[in-house]
There are 2 protein chains.
Amino acid sequence: MPAESPERLTARADFRPVRPVRAYQRVAEQIEERILGGSLPPGSRLPGERELMRQFDVGRSTIREALRVLQSSGLIRSRPGDPQGAEVLGVSPDTLSHALGRLARSHLSGLGELIQFRMLLDAESYRLAARLHSADDLRRLTGLVDEMAQLAPGDPRGFSAADGEFHRVVAEASGNALLALCARAVHDAVVEAIESKLVRAEGAGEAADAMRRSVAHHRQILDALGARDGARAARLGRQALHDHYAPHVPPQDRPRLRAALEEEPESPAG
Amino acid sequence: MPAESPERLTARADFRPVRPVRAYQRVAEQIEERILGGSLPPGSRLPGERELMRQFDVGRSTIREALRVLQSSGLIRSRPGDPQGAEVLGVSPDTLSHALGRLARSHLSGLGELIQFRMLLDAESYRLAARLHSADDLRRLTGLVDEMAQLAPGDPRGFSAADGEFHRVVAEASGNALLALCARAVHDAVVEAIESKLVRAEGAGEAADAMRRSVAHHRQILDALGARDGARAARLGRQALHDHYAPHVPPQDRPRLRAALEEEPESPAG
DNA sequence: GACGATCAACTGGTCTGACCAGTCGCCTGG
DNA sequence: CCAGGCGACTGGTCAGACCAGTTGATCGTC
């Protein structure tokens, strides 16, 4: 009988194992608390290391290790010689991107999972954005697609930037900042993971072809968004990502991408 | 005319701004590379700080700052007095959870966004899991729901644990570790954000009611998963989360949750 | 010989003090 | 009015020291 009398549970002393907390940790926690809590807003400055050393009453190395931790979390940025001290950046999606990138590089999850995940996030962004977007959003998106079309032939980097911006605007139009940040992080991770492959694998003609197809896809999506047809926009978004990336994904991962296409299994046999 | 001759673009010198790379960064990068690259597998040990200091030919503070960065990324763990040196942990999802938790805590997104995001992630987990789950998955899920039903009356904590486990199994059955990790992180963030409210807001009877409803929801979802009906499972999952959390979300955020319910706007007027 | 206490040789955590290169702001000389 | 130089800072790095804690061998006891 694993089920004991529930009343005992509140009475039993459930102590937590006590582990020594390092000094640099407490310093980092205090500063992080201030940043997340809203005092110390983005753009504000931390005191210099020597001043922090006095305020926390610890040595400079402790202060520096704490600042390193905060910096590697993307919460602050410091620059030598800056008389104003480290700059508070606030919460940024960069940490998320890095963590996702590491996971994607590790055996824990491969490129296929990353792209499948992006398909899901993007599709949901489209679905929400179709409902909630403003006229201004639509104008900006149209402008970006035009820009992509213009840049397509010869400027892959500019094209990629406009494409990223397009997805960013969509994600923001979805009204969910968390979704937007995650989508952006995953987007960045995909770009970082696959860019090197793309650059050397594709000839110029093939790249231009891919860009043209991408522009066509974006126009269709734009149309669906304008019609506030979330389901169609989501479907198109999934398809576009699938078509764009499937060739660059290891063959054993392709069924995974197809599974995310959401075509319900109405076809006769498997 | 912003469009220049495209041929010029490849010829133009697009230098990157050169930023000094700190010594501790290069140390951290080298070690991280080894860990991600597979030499230095999880469980192996780094040399002691004094030995690293000799190998990298830098001061100990530099070594320590590098190790701090790696440690805050969850890649290594060090313990004072350990003669074997820091332990390599490998890539872990904890960083992701922390990053998401920070985002959720920041002013950038409120409880409504968090729950909406969880609705999306869970729904997609269900959709994929419906297709890809194994018979064993289904057995475990059935066992967990039974356990929830048994624990429901008097053990909210155990109930919550079983519920978390249920979602974890579903997410893993989706076959996408990335999705599973994010879903879990968001789940944890929601629990952390709302648990305190729930405990004091609800009387015992109301809590028991919520648990009973939750069990019923889970049984329906289980049924849909068993029938491999991903769309239905996704819809049910969204609805379950909405019903469970909507009362605890600020009123101005409720339309957001409803928007995620995916009922396409077929109703006559707004 | 088996076993528990003791101890020395480590470890990582922290502090101090110093130096360097870079940056900023003032101040001066044109 | 402005260019240039001159401090007085900053963060980045190093060296050396001390502390508390862990480890493993050593030693004394039974």
# chains A, B, ... in the order shown; residues from 1 in each chain; ligands from 1
>>> interface_residues(of="chain D", to="chain B", cutoff="8 Å", atoms="only C-alpha atoms (C1' of nucleotides)", output="ChimeraX atom specification")
/D:12-15,21-23
>>> interface_residues(of="chain C", to="chain B", cutoff="9 Å", atoms="only C-alpha atoms (C1' of nucleotides)", output="PyMOL selection string")
chain C and resi 10-13
>>> closest_atom_pairs(of="chain A", to="chain B", cutoff="6 Å", atoms="only C-alpha atoms", output="CSV")
residue,atom,partner,partner_atom,distance
A:Leu36,CA,B:Ser106,CA,5.4
A:Glu65,CA,B:Glu65,CA,5.7
A:Val69,CA,B:Val69,CA,5.8
A:Leu96,CA,B:Ala99,CA,5.9
A:Ala99,CA,B:Leu96,CA,5.7
A:Glu113,CA,B:Asn176,CA,5.7
A:Gly154,CA,B:Pro6,CA,5.3
A:Asn176,CA,B:Glu113,CA,5.6
A:Ala177,CA,B:Ser109,CA,6.0
>>> calpha_fit_rmsd(fixed="chain A", moving="chain B")
1.3 Å
>>> atom_distance(atom1="atom CA of B:Ala149", atom2="atom CA of B:Arg212")
7.3 Å
